[in-house]
Every structure is written in C-alpha cells, then in structure tokens.
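So this block is input-v3.cif, mmCIF, C-alpha atoms and all ligand atoms:
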```
data_coords
loop_
_atom_site.label_atom_id
_atom_site.label_comp_id
_atom_site.auth_asym_id
_atom_site.auth_seq_id
_atom_site.Cartn_x
_atom_site.Cartn_y
_atom_site.Cartn_z
CA MET A 1 96.29 94.39 98.74
CA GLU A 2 95.78 98.14 98.72
CA THR A 3 96.11 99.86 102.07
CA VAL A 4 94.56 103.21 102.91
CA PRO A 5 94.86 105.36 106.03
CA CYS A 6 91.93 105.39 108.47
CA ARG A 7 90.27 108.82 108.28
CA SER A 8 89.83 108.85 112.07
CA CYS A 9 93.11 107.55 113.50
CA GLY A 10 95.47 107.29 110.51
CA ALA A 11 96.16 103.54 110.90
CA SER A 12 96.72 101.52 107.70
CA LEU A 13 93.57 99.68 106.59
CA ILE A 14 92.46 97.21 103.98
CA TRP A 15 88.80 97.40 102.93
CA GLY A 16 87.15 94.04 102.40
CA VAL A 17 83.58 93.07 101.56
CA ASN A 18 81.67 90.54 103.64
CA ALA A 19 79.18 87.93 102.45
CA GLN A 20 76.35 90.48 102.82
CA GLY A 21 78.17 92.87 100.48
CA GLU A 22 79.01 95.32 103.25
CA ARG A 23 82.42 97.02 103.31
CA VAL A 24 84.57 95.90 106.24
CA PRO A 25 87.71 97.75 107.35
CA VAL A 26 90.47 95.54 108.74
CA ASP A 27 93.90 96.35 110.16
CA ALA A 28 96.46 96.07 107.36
CA GLU A 29 98.91 94.05 109.46
CA PRO A 30 97.93 90.36 109.45
CA ARG A 31 98.20 88.20 112.53
CA LYS A 32 99.45 84.62 112.27
CA ARG A 33 96.96 82.06 113.52
CA ILE A 34 96.69 78.31 113.25
CA THR A 35 93.65 76.64 111.77
CA LEU A 36 92.90 72.93 112.24
CA TRP A 37 91.65 70.77 109.37
CA PRO A 38 90.10 67.43 110.32
CA SER A 39 92.08 64.52 108.92
CA LYS A 40 90.33 62.12 106.54
CA ASP A 41 91.54 59.34 108.78
CA GLN A 42 89.72 59.91 112.09
CA ALA A 43 92.55 58.15 113.93
CA LEU A 44 95.02 60.89 112.95
CA PRO A 45 95.24 64.28 114.63
CA PRO A 46 93.92 67.30 112.69
CA LEU A 47 96.26 69.08 110.28
CA ALA A 48 97.53 72.36 111.76
CA SER A 49 97.99 75.06 109.15
CA LEU A 50 99.42 78.55 109.73
CA ILE A 51 97.31 81.32 108.14
CA ASP A 52 97.18 85.12 108.04
CA THR A 53 94.13 86.56 109.79
CA TYR A 54 92.96 90.15 110.02
CA VAL A 55 91.43 92.10 112.89
CA SER A 56 88.37 94.29 112.33
CA HIS A 57 89.54 97.88 112.49
CA TRP A 58 86.38 98.70 114.45
CA ALA A 59 87.95 96.70 117.29
CA THR A 60 91.20 98.67 117.32
CA CYS A 61 90.31 102.18 116.06
CA SER A 62 90.33 104.99 118.62
CA SER A 63 87.59 107.04 116.90
CA PRO A 64 84.24 107.76 118.66
CA GLU A 65 82.44 105.88 115.85
CA ALA A 66 84.47 102.76 116.56
CA GLN A 67 83.87 103.08 120.30
CA ALA A 68 80.12 103.27 119.62
CA TRP A 69 80.39 100.18 117.40
CA ARG A 70 82.21 98.27 120.17
CA ALA A 71 79.53 99.29 122.69
CA GLN A 72 76.84 98.05 120.26
CA GLN A 73 78.68 94.73 119.77
CA SER A 74 79.02 94.08 123.50
CA GLN A 75 75.30 94.77 124.16
CA GLY A 76 74.30 91.64 122.26
CA ARG A 77 76.53 89.39 124.34
CA THR A 78 75.24 87.52 127.33
CA GLY A 79 78.72 86.69 128.57
ZN ZN B 1 90.93 104.13 112.83
#
```
Would you mind writing the structure in this file as structure tokens?
Ligand SMILES: [Zn+2]
Amino acid sequence: METVPCRSCGASLIWGVNAQGERVPVDAEPRKRITLWPSKDQALPPLASLIDTYVSHWATCSSPEAQAWRAQQSQGRTG
C-alpha cells in the first residue's frame, strides 16, 4: 500500500476510505491483533487468528487539527 507523509507531523500514513466514502488516514505501521472466529461446533473454543490492524492517524497525530478531532470524539462518550 502506498504511504505518504502526514502534512502536519511527517509520520507515514496510508489513506483508506470508509464505508461512507470518507477518506481515513491511518498510521502506516500495522499492529498485530488477534481476532476470534466462532467455531461451527459450539463445543469448541473460537478460532484465534492473528491479523494486522491499523490505528487512525487522528489518534496519534500531534497537529492541532488532530487534537481538535480527539476532543470532539471524547465529547460523545459517557464513560
Ligand atoms: Zn500527523
């Protein structure tokens, strides 16, 4: 995937598009996570599968725009 530097902080980014068609910047470096898939046989434990996940760059960027975004995100939370 193509990486580009963030215009605010210079970090490497990948631009994705979400289901609403909006562009979403994510940190270029993936983080390993485990996802669980329910087994067809309910008696068996779920299948654990290692996957690459990406963090929204809005969550890690040091720019004022990103800080405003984080403030907006936290306002909607009730804790
Ligand atoms: Zn940035």
Contacts of chain A with ligand ZN 1 (chain B) up to 12 Å, shortest pair per row, only C-alpha atoms and all ligand atoms, as JSON lines:
```
{"residue": "A:Val4", "atom": "CA", "partner": "B:ZN1", "partner_atom": "ZN", "distance": 10.6}
{"residue": "A:Pro5", "atom": "CA", "partner": "B:ZN1", "partner_atom": "ZN", "distance": 7.9}
{"residue": "A:Cys6", "atom": "CA", "partner": "B:ZN1", "partner_atom": "ZN", "distance": 4.6}
{"residue": "A:Arg7", "atom": "CA", "partner": "B:ZN1", "partner_atom": "ZN", "distance": 6.6}
{"residue": "A:Ser8", "atom": "CA", "partner": "B:ZN1", "partner_atom": "ZN", "distance": 4.9}
{"residue": "A:Cys9", "atom": "CA", "partner": "B:ZN1", "partner_atom": "ZN", "distance": 4.1}
{"residue": "A:Gly10", "atom": "CA", "partner": "B:ZN1", "partner_atom": "ZN", "distance": 6.0}
{"residue": "A:Ala11", "atom": "CA", "partner": "B:ZN1", "partner_atom": "ZN", "distance": 5.6}
{"residue": "A:Ser12", "atom": "CA", "partner": "B:ZN1", "partner_atom": "ZN", "distance": 8.2}
{"residue": "A:Leu13", "atom": "CA", "partner": "B:ZN1", "partner_atom": "ZN", "distance": 8.1}
{"residue": "A:Ile14", "atom": "CA", "partner": "B:ZN1", "partner_atom": "ZN", "distance": 11.3}
{"residue": "A:Pro25", "atom": "CA", "partner": "B:ZN1", "partner_atom": "ZN", "distance": 9.0}
{"residue": "A:Val26", "atom": "CA", "partner": "B:ZN1", "partner_atom": "ZN", "distance": 9.5}
{"residue": "A:Asp27", "atom": "CA", "partner": "B:ZN1", "partner_atom": "ZN", "distance": 8.7}
{"residue": "A:Ala28", "atom": "CA", "partner": "B:ZN1", "partner_atom": "ZN", "distance": 11.2}
{"residue": "A:Ser56", "atom": "CA", "partner": "B:ZN1", "partner_atom": "ZN", "distance": 10.2}
{"residue": "A:His57", "atom": "CA", "partner": "B:ZN1", "partner_atom": "ZN", "distance": 6.4}
{"residue": "A:Trp58", "atom": "CA", "partner": "B:ZN1", "partner_atom": "ZN", "distance": 7.3}
{"residue": "A:Ala59", "atom": "CA", "partner": "B:ZN1", "partner_atom": "ZN", "distance": 9.2}
{"residue": "A:Thr60", "atom": "CA", "partner": "B:ZN1", "partner_atom": "ZN", "distance": 7.1}
{"residue": "A:Cys61", "atom": "CA", "partner": "B:ZN1", "partner_atom": "ZN", "distance": 3.8}
{"residue": "A:Ser62", "atom": "CA", "partner": "B:ZN1", "partner_atom": "ZN", "distance": 5.9}
{"residue": "A:Ser63", "atom": "CA", "partner": "B:ZN1", "partner_atom": "ZN", "distance": 6.0}
{"residue": "A:Pro64", "atom": "CA", "partner": "B:ZN1", "partner_atom": "ZN", "distance": 9.6}
{"residue": "A:Glu65", "atom": "CA", "partner": "B:ZN1", "partner_atom": "ZN", "distance": 9.2}
{"residue": "A:Ala66", "atom": "CA", "partner": "B:ZN1", "partner_atom": "ZN", "distance": 7.6}
{"residue": "A:Gln67", "atom": "CA", "partner": "B:ZN1", "partner_atom": "ZN", "distance": 10.3}
```
Q.
If I take CA of Met1 in chain A and CA of Pro30 in chain A, how far is one from the other in Å, to one decimal?
A.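 So the two atoms, CA of Met1 in chain A and CA of Pro30 in chain A, lie 11.6 Å apart.
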Compile the contact shell of Ile34 in chain A as a PyMOL selection string: residues with an atom at most 12 Å away, counting all atoms listed in the file, same-chain residues fewer than 2 positions apart removed. chain A and resi 31-32+36-37+46-53
Work out how far apart CA of Tyr54 in chain A and CA of Arg23 in chain A are and give it in Å to one decimal.
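A separation of 14.3 Å between them.
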query: Interatomic distance between CA of Gln73 in chain A and CA of Glu29 in chain A?
result: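 Value for the CA of Gln73 in chain A-CA of Glu29 in chain A distance: 22.7 Å.
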